[in-house]
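Participant: I am attaching a structure below and will ask some questions about it afterwards.
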Amino acid sequence: MWSLFFVSFGLLVGIGAQPTDKAAKQQNLDWWKTSVIYQIYPRSFKDSNGDGIGDLNGITEKLEHIKDAGADALWLSPIYSSPQKDFGYDISNFTDIAEEYGTLDHFDQLVAKAKKLGVKVLLDFVPNHSSDEHEWFKKSVKRIKPYDEYFVWRDGKIGPKGERLPPNNWLSVFGKSAWEWNEERKQYFYHAFVVGQPDLNYRNPKLRQEMEDVLTFWMKRGVDGFRVDAVNHMFEVANLRDEPRSGKAVPVDDYDFLDHTYTRDLNETYGVVASWQKLLDNFVAQHKTDGKLMILEAYTSIPKSMQFYSVGANPFNFMFIADLNQNSKAIDFKRKIDDWLNAIPEGKVSNWVVGNHDNHRVATRYGEKREDQLTLLSAILPGITVVYNGDEIGMVDRPFTYAETVDPAGCNAGPDRYHLKSRDPERTPYQWDATTSAGFSTSTKTWLPVHDNYKTLNLAAQKKDAVSHYKLFQATTKLKKTPVIQKGRTEVLLAGENVLAVVRRLSGQGTVTLLINFSDKPVKVDAKGWLNIPMKAQIYAASVKSGLKAGAQVKVDDVTLPGAASVILYSRA
Ligand code: GLC
């Protein structure tokens, strides 16, 4: 059956222009247009020295996997010097590597090998905060200029009994007050995340310059762009107004207790992002490199996301995580996808985030029956696919007890609510094979436990199996390279109440159609009638549990979709 699949794939790629040698040598300014970005969580990817913690040499050793999976770029979650209070998102030196991950030399080796393989490298740029162990913060505590103003310091309030209180009611994303008293400076500092992550002050021009220098430092070391962390948290209103209550039934110190009108999505953010984008573009023009991608993390509304496009950057599209889930209906998916595609400015590139290190794994969020649905959907929709390491083999969350919990988001929530907040379940080591610690480490003790299911669920096994999540993933990354997916028109349609269809058409290059059955029971679809696609079609790829075979011919006016199945059809016409 898979030989049939490869025949059909041959048909798909045979058509359409291949880049000429001359074109290939030119600057590739928008290499990301229909790319697959693969997120690596360095701590959990591959341990090369047996200490139970992933590292840079481990990643370098496994780079062929990124290529083999068909991804175009990798994004490394933070690798910088850090006390690891938020597992690397608390940075004590923005231009050096965490000891346990390696050295700058190891980083250079990683980039050099990635370049040889033709894989782009994106770093995680964390502008909102540093670590409280950063030199800047230590000097800021001592009011040494210019560092005294690099952070958000405020006097406290005096309470009714003369006691000292935080300046206002703002809460940390990880729960409890966002203000921490510093005895030495005798002021509070603001931290949107953990106490060890003091917020940087973007109203200070010197700090802004320092952070631009950080971007330049890494561009000079050869990186192809940045994923920008928590960008919509960069500014808070200067008058420190209390935030209003959200009305949600959560404890008073839970972040969701308030509406974050004054600490998120402030307009000044867009000015800073515009200046970074200019910095990247100037670097590209000056050094004649391929384009540098900036892709931003902001869990926010569509209009606020679109504002990032208007300053030349790319906001992550989190709809598959934040707005849709395994209970969503075909019409919910259609509406959300339409809303995004209708809002995106002409000429801008869309993206579809399948999973990341902050959210439950896609196979867990969407459940066993639907775990391939987003692999297929993100592949057929126009633009960039963003996947998290392990998504390509269908890794699932590992349940954690409170005693095992190490993520500060979980620890802060306490024993009764940690399971609602902890991100440990989706961060367990990558499952390479059935050997010790899933081939992640030679040590049996790893920083987070390996999921029990690794003996059966692992990459090596899926490479051997004729049908697997991994083989399906490879088929979809290949599909993204075809002209019809790169340039074709996009239609998001319904084919009956329970079937979502995405049709891509390009004159002379064929038609690719995705059908997703949102019911758990089989449905019959007249895809010809509903979608007006050509009568002659074959299956290009289908969800693993559907039982549908790639290469099989399909009667388009009478397709039977098994319960919860997703299938991609290809027609030459
Ligand atoms: C982002 C990261 C998350 C981190 C937080 C604070 O949301 O993705 O992992 O905890 O920022 O840096």
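Every chain in the structure tokens has a letter given in the order shown (A, B, ...), and although residue numbers restart at 1 in each chain, ligands are simply numbered from 1 in the order shown.
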Mind running chain A against ligand 1 at 8 Å and telling me each contacting residue's nearest atom pair with the distance in Å (one decimal), counting only C-alpha atoms and all ligand atoms, chain and number ascending, as a tab-separated table?
Facilitator:
```
residue	atom	partner	partner_atom_place_in_ligand_line	distance
A:Asp86	CA	ligand 1	10 (O)	5.8
A:Phe87	CA	ligand 1	10 (O)	7.8
A:Tyr89	CA	ligand 1	12 (O)	4.5
A:Asp90	CA	ligand 1	12 (O)	6.6
A:Val126	CA	ligand 1	12 (O)	6.6
A:Asn128	CA	ligand 1	12 (O)	7.5
A:His129	CA	ligand 1	12 (O)	7.3
A:Ala192	CA	ligand 1	6 (C)	8.0
A:Phe193	CA	ligand 1	6 (C)	5.7
A:Val194	CA	ligand 1	6 (C)	7.8
A:Gln197	CA	ligand 1	12 (O)	7.7
A:Asp229	CA	ligand 1	1 (C)	5.2
A:Ala230	CA	ligand 1	11 (O)	4.9
A:Glu297	CA	ligand 1	7 (O)	7.1
A:Asn356	CA	ligand 1	8 (O)	7.9
A:His357	CA	ligand 1	9 (O)	6.4
A:Asp358	CA	ligand 1	9 (O)	5.4
A:Ala409	CA	ligand 1	10 (O)	7.8
```
Participant: DSSP says strand (DSSP E) for which residues of region 341-473 of chain A? Put them as a list in words?
Facilitator: Asn351, Trp352, Val353, Ile384, Thr385, Val386, Val387 and Tyr388 of chain A
Participant: Residues near Ser140 (chain A), anyone? I mean within 7 Å using only C-alpha atoms, not counting same-chain ones fewer than 5 positions away, as an mmCIF file with N, CA and C atoms, in the first residue's frame.
Facilitator:
```cif
data_model
loop_
_atom_site.group_PDB
_atom_site.id
_atom_site.type_symbol
_atom_site.label_atom_id
_atom_site.label_comp_id
_atom_site.auth_asym_id
_atom_site.auth_seq_id
_atom_site.Cartn_x
_atom_site.Cartn_y
_atom_site.Cartn_z
ATOM 1 N N TYR A 147 21.159 50.466 34.792
ATOM 2 C CA TYR A 147 20.352 49.253 35.048
ATOM 3 C C TYR A 147 19.199 49.521 36.017
ATOM 4 N N ASP A 148 19.332 50.623 36.790
ATOM 5 C CA ASP A 148 18.280 50.907 37.774
ATOM 6 C C ASP A 148 16.900 50.955 37.141
ATOM 7 N N GLU A 149 16.858 51.339 35.843
ATOM 8 C CA GLU A 149 15.549 51.451 35.188
ATOM 9 C C GLU A 149 15.276 50.345 34.168
ATOM 10 N N TYR A 150 16.031 49.279 34.213
ATOM 11 C CA TYR A 150 15.829 48.180 33.257
ATOM 12 C C TYR A 150 14.624 47.302 33.634
#
```
Participant: Residues near region 466-481 of chain A, anyone? I mean within 8 Å using only C-alpha atoms, not counting same-chain ones fewer than 5 positions away, as a tab-separated table (two decimals) with all heavy atoms, in the first residue's frame.
Facilitator:
```
chain	number	residue	atom	x	y	z
A	2	TRP	N	1.97	1.22	0.79
A	2	TRP	CA	2.77	2.45	0.79
A	2	TRP	C	3.54	2.64	-0.50
A	2	TRP	O	3.88	3.74	-0.87
A	2	TRP	CB	3.68	2.51	2.03
A	2	TRP	CG	2.82	2.89	3.19
A	2	TRP	CD1	2.25	2.03	4.08
A	2	TRP	CD2	2.33	4.18	3.54
A	2	TRP	NE1	1.46	2.72	4.95
A	2	TRP	CE2	1.49	4.05	4.65
A	2	TRP	CE3	2.52	5.47	3.00
A	2	TRP	CZ2	0.86	5.11	5.24
A	2	TRP	CZ3	1.88	6.54	3.59
A	2	TRP	CH2	1.06	6.35	4.70
A	9	PHE	N	2.41	9.87	-4.78
A	9	PHE	CA	3.16	11.06	-4.43
A	9	PHE	C	4.02	11.50	-5.61
A	9	PHE	O	4.14	12.68	-5.91
A	9	PHE	CB	4.04	10.81	-3.21
A	9	PHE	CG	4.87	12.00	-2.91
A	9	PHE	CD1	4.27	13.16	-2.45
A	9	PHE	CD2	6.23	12.00	-3.16
A	9	PHE	CE1	5.02	14.29	-2.21
A	9	PHE	CE2	6.98	13.12	-2.93
A	9	PHE	CZ	6.38	14.27	-2.45
A	12	LEU	N	2.15	13.60	-7.72
A	12	LEU	CA	1.96	14.94	-7.16
A	12	LEU	C	3.15	15.85	-7.39
A	12	LEU	O	3.01	16.99	-7.79
A	12	LEU	CB	1.74	14.83	-5.65
A	12	LEU	CG	0.33	14.66	-5.17
A	12	LEU	CD1	0.33	14.24	-3.74
A	12	LEU	CD2	-0.44	15.95	-5.33
A	13	VAL	N	4.35	15.33	-7.12
A	13	VAL	CA	5.51	16.24	-7.22
A	13	VAL	C	6.03	16.36	-8.63
A	13	VAL	O	6.75	17.31	-8.93
A	13	VAL	CB	6.68	15.82	-6.30
A	13	VAL	CG1	6.43	16.20	-4.88
A	13	VAL	CG2	7.01	14.37	-6.44
A	34	THR	N	5.59	28.15	2.97
A	34	THR	CA	4.80	26.92	3.15
A	34	THR	C	5.66	25.89	3.89
A	34	THR	O	5.72	24.73	3.52
A	34	THR	CB	4.34	26.32	1.82
A	34	THR	OG1	5.46	26.29	0.95
A	34	THR	CG2	3.22	27.10	1.20
A	35	SER	N	6.29	26.36	4.94
A	35	SER	CA	7.26	25.51	5.64
A	35	SER	C	6.61	24.75	6.79
A	35	SER	O	5.48	25.03	7.20
A	35	SER	CB	8.39	26.37	6.18
A	35	SER	OG	7.89	27.26	7.13
A	36	VAL	N	7.38	23.80	7.30
A	36	VAL	CA	7.01	23.11	8.53
A	36	VAL	C	8.06	23.47	9.57
A	36	VAL	O	9.26	23.25	9.36
A	36	VAL	CB	6.97	21.58	8.32
A	36	VAL	CG1	6.70	20.86	9.64
A	36	VAL	CG2	5.91	21.22	7.30
A	68	ASP	N	14.45	14.12	8.01
A	68	ASP	CA	13.71	12.91	7.61
A	68	ASP	C	12.20	13.10	7.76
A	68	ASP	O	11.41	12.63	6.96
A	68	ASP	CB	14.19	11.74	8.47
A	68	ASP	CG	13.59	10.42	8.04
A	68	ASP	OD1	13.87	10.00	6.90
A	68	ASP	OD2	12.83	9.81	8.83
A	69	ALA	N	11.82	13.84	8.82
A	69	ALA	CA	10.40	14.09	9.05
A	69	ALA	C	9.84	15.05	7.99
A	69	ALA	O	8.63	15.11	7.78
A	69	ALA	CB	10.19	14.67	10.44
A	70	GLY	N	10.73	15.78	7.35
A	70	GLY	CA	10.30	16.71	6.30
A	70	GLY	C	10.08	18.13	6.79
A	70	GLY	O	9.45	18.94	6.12
A	71	ALA	N	10.62	18.44	7.98
A	71	ALA	CA	10.48	19.82	8.46
A	71	ALA	C	11.55	20.69	7.80
A	71	ALA	O	12.61	20.21	7.42
A	71	ALA	CB	10.62	19.86	9.97
A	372	ASP	N	-4.82	12.39	14.38
A	372	ASP	CA	-4.17	12.77	13.12
A	372	ASP	C	-4.87	13.93	12.41
A	372	ASP	O	-4.38	14.45	11.41
A	372	ASP	CB	-4.14	11.58	12.16
A	372	ASP	CG	-3.31	10.44	12.71
A	372	ASP	OD1	-2.25	10.72	13.31
A	372	ASP	OD2	-3.72	9.28	12.54
A	375	THR	N	-2.79	17.02	11.97
A	375	THR	CA	-1.65	16.81	11.07
A	375	THR	C	-2.11	17.06	9.64
A	375	THR	O	-1.46	17.77	8.87
A	375	THR	CB	-1.12	15.36	11.20
A	375	THR	OG1	-0.77	15.14	12.55
A	375	THR	CG2	0.07	15.11	10.32
A	376	LEU	N	-3.26	16.50	9.30
A	376	LEU	CA	-3.76	16.63	7.93
A	376	LEU	C	-4.28	18.04	7.67
A	376	LEU	O	-4.02	18.62	6.62
A	376	LEU	CB	-4.86	15.58	7.67
A	376	LEU	CG	-4.39	14.13	7.78
A	376	LEU	CD1	-5.52	13.16	7.49
A	376	LEU	CD2	-3.26	13.84	6.82
A	379	ALA	N	-1.58	20.57	7.28
A	379	ALA	CA	-0.80	20.36	6.06
A	379	ALA	C	-1.50	20.94	4.84
A	379	ALA	O	-0.86	21.45	3.93
A	379	ALA	CB	-0.55	18.87	5.86
A	380	ILE	N	-2.81	20.86	4.81
A	380	ILE	CA	-3.51	21.28	3.59
A	380	ILE	C	-3.81	22.78	3.60
A	380	ILE	O	-3.92	23.41	2.54
A	380	ILE	CB	-4.81	20.44	3.37
A	380	ILE	CG1	-5.28	20.62	1.93
A	380	ILE	CG2	-5.90	20.79	4.37
A	380	ILE	CD1	-6.38	19.68	1.52
A	392	GLU	N	4.77	14.30	15.82
A	392	GLU	CA	4.88	13.52	14.58
A	392	GLU	C	4.78	12.02	14.81
A	392	GLU	O	4.62	11.25	13.87
A	392	GLU	CB	6.16	13.91	13.82
A	392	GLU	CG	7.46	13.30	14.33
A	392	GLU	CD	8.05	14.02	15.55
A	392	GLU	OE1	7.30	14.70	16.28
A	392	GLU	OE2	9.26	13.87	15.80
A	393	ILE	N	4.89	11.58	16.07
A	393	ILE	CA	4.70	10.15	16.35
A	393	ILE	C	3.49	9.93	17.27
A	393	ILE	O	3.28	8.84	17.79
A	393	ILE	CB	5.98	9.50	16.94
A	393	ILE	CG1	6.46	10.23	18.20
A	393	ILE	CG2	7.08	9.41	15.89
A	393	ILE	CD1	7.58	9.49	18.95
A	394	GLY	N	2.74	10.98	17.49
A	394	GLY	CA	1.52	10.84	18.31
A	394	GLY	C	1.81	10.61	19.78
A	394	GLY	O	1.05	9.92	20.47
A	459	LEU	N	9.64	6.28	17.86
A	459	LEU	CA	9.96	6.60	16.46
A	459	LEU	C	10.44	5.36	15.70
A	459	LEU	O	10.01	5.12	14.57
A	459	LEU	CB	11.01	7.71	16.41
A	459	LEU	CG	11.49	8.09	15.01
A	459	LEU	CD1	10.38	8.76	14.21
A	459	LEU	CD2	12.72	9.00	15.07
A	486	GLN	N	1.24	24.89	-2.35
A	486	GLN	CA	1.99	26.13	-2.20
A	486	GLN	C	1.27	27.33	-2.80
A	486	GLN	O	1.37	28.43	-2.30
A	486	GLN	CB	3.38	25.97	-2.82
A	486	GLN	CG	4.16	24.87	-2.10
A	486	GLN	CD	5.65	24.96	-2.30
A	486	GLN	OE1	6.11	25.37	-3.35
A	486	GLN	NE2	6.41	24.57	-1.30
A	541	ALA	N	-3.53	10.29	1.58
A	541	ALA	CA	-3.15	9.93	2.96
A	541	ALA	C	-4.41	9.92	3.81
A	541	ALA	O	-5.38	10.61	3.50
A	541	ALA	CB	-2.17	10.96	3.51
A	542	ALA	N	-4.38	9.13	4.88
A	542	ALA	CA	-5.57	9.06	5.75
A	542	ALA	C	-5.15	8.81	7.19
A	542	ALA	O	-4.08	8.26	7.44
A	542	ALA	CB	-6.50	7.94	5.28
A	543	SER	N	-6.00	9.23	8.12
A	543	SER	CA	-5.68	9.05	9.54
A	543	SER	C	-5.43	7.56	9.82
A	543	SER	O	-6.07	6.68	9.23
A	543	SER	CB	-6.80	9.60	10.42
A	543	SER	OG	-8.05	9.11	10.00
A	544	VAL	N	-4.48	7.31	10.72
A	544	VAL	CA	-3.97	5.95	10.92
A	544	VAL	C	-5.08	4.95	11.24
A	544	VAL	O	-5.12	3.85	10.71
A	544	VAL	CB	-2.89	5.97	12.03
A	544	VAL	CG1	-2.54	4.58	12.49
A	544	VAL	CG2	-1.64	6.69	11.53
```
Participant: Would you compute the distance between CA of Phe94 (chain A) and CA of Met234 (chain A)? Give it in Å to one decimal.
Facilitator: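 One can read the CA of Phe94 (chain A) to CA of Met234 (chain A) distance as 16.8 Å.
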Participant: Determine, counting only C-alpha atoms, which protein, DNA and RNA residues have an atom within 6 Å of an atom of region 243-247 of chain A; residues of the same chain fewer than 6 positions away are not included. Present the result as a PDB file with C-alpha atoms, in the first residue's frame.
Facilitator:
```pdb
ATOM      1  CA  PHE A 257      -9.608  35.883  38.398  1.00  0.00           C
ATOM      2  CA  LEU A 258      -8.921  39.198  36.601  1.00  0.00           C
ATOM      3  CA  ASP A 259      -9.361  40.554  33.067  1.00  0.00           C
TER       4      ASP A 259
END
```
Participant: Taking only C-alpha atoms into account, name the residue in A:Val396, A:Leu279, A:Leu266, A:Val523 that is nearest to Arg361 (chain A).
Facilitator: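 Nearest candidate to Arg361 (chain A) out of A:Val396, A:Leu279, A:Leu266, A:Val523: A:Val396.
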Participant: Would you list the contacts of region 200-209 of chain A as a PyMOL selection string, taking every protein, DNA or RNA residue within 12 Å and counting only C-alpha atoms, but skipping same-chain residues closer than 6 positions in sequence?
Facilitator: chain A and resi 90-91+126-132+134+136-137+140+145-154+189-193+215-216+231+233-238+266+268-273+275-276+279
Participant: Write out as a VMD selection string each polymer residue whose atoms come within 10 Å of Ile321 (chain A), counting only C-alpha atoms; drop sequence neighbours fewer than 5 positions from it.
Facilitator: chain A and resid 299 352 to 356 359 to 362 365 to 366
Participant: Please report as CSV every residue of region 338-413 of chain A lying within 12 Å of region 300-319 of chain A, along with the nearest atom pair and their distance in Å (one decimal), using only C-alpha atoms.
Facilitator:
```
residue,atom,partner,partner_atom,distance
A:Asp338,CA,A:Met319,CA,11.4
A:Asp339,CA,A:Ile302,CA,8.1
A:Trp340,CA,A:Ile302,CA,6.9
A:Leu341,CA,A:Ile302,CA,10.3
A:Asn342,CA,A:Ile302,CA,10.4
A:Ala343,CA,A:Met306,CA,7.1
A:Ile344,CA,A:Met306,CA,6.5
A:Pro345,CA,A:Tyr309,CA,7.4
A:Glu346,CA,A:Tyr309,CA,10.2
A:Gly347,CA,A:Tyr309,CA,10.2
A:Lys348,CA,A:Tyr309,CA,7.2
A:Val349,CA,A:Asn314,CA,7.6
A:Ser350,CA,A:Asn317,CA,7.7
A:Asn351,CA,A:Asn317,CA,5.9
A:Trp352,CA,A:Asn317,CA,5.6
A:Val353,CA,A:Phe318,CA,5.6
A:Val354,CA,A:Phe318,CA,8.0
A:Gly355,CA,A:Phe318,CA,8.7
A:Asn356,CA,A:Phe318,CA,9.9
A:Asp358,CA,A:Phe318,CA,11.6
A:Asn359,CA,A:Phe318,CA,10.7
A:Leu374,CA,A:Met319,CA,11.2
A:Ser378,CA,A:Asn317,CA,11.1
A:Gly383,CA,A:Asn317,CA,10.8
A:Ile384,CA,A:Phe316,CA,9.7
A:Thr385,CA,A:Asn317,CA,10.0
A:Val386,CA,A:Phe316,CA,8.9
A:Val387,CA,A:Phe318,CA,11.6
```
Participant: Rounded to one decimal in Å, what is the spacing between CA of Glu135 (chain A) and CA of Leu123 (chain A)?
Facilitator: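 Between these atoms lies a distance of 21.8 Å.
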Participant: Could you give me the residues within region 324-425 of chain A that DSSP places in alpha helix (DSSP H), as a ChimeraX atom specification?
Facilitator: /A:330-343,362-365,367-370,373-380,408-413,418-421
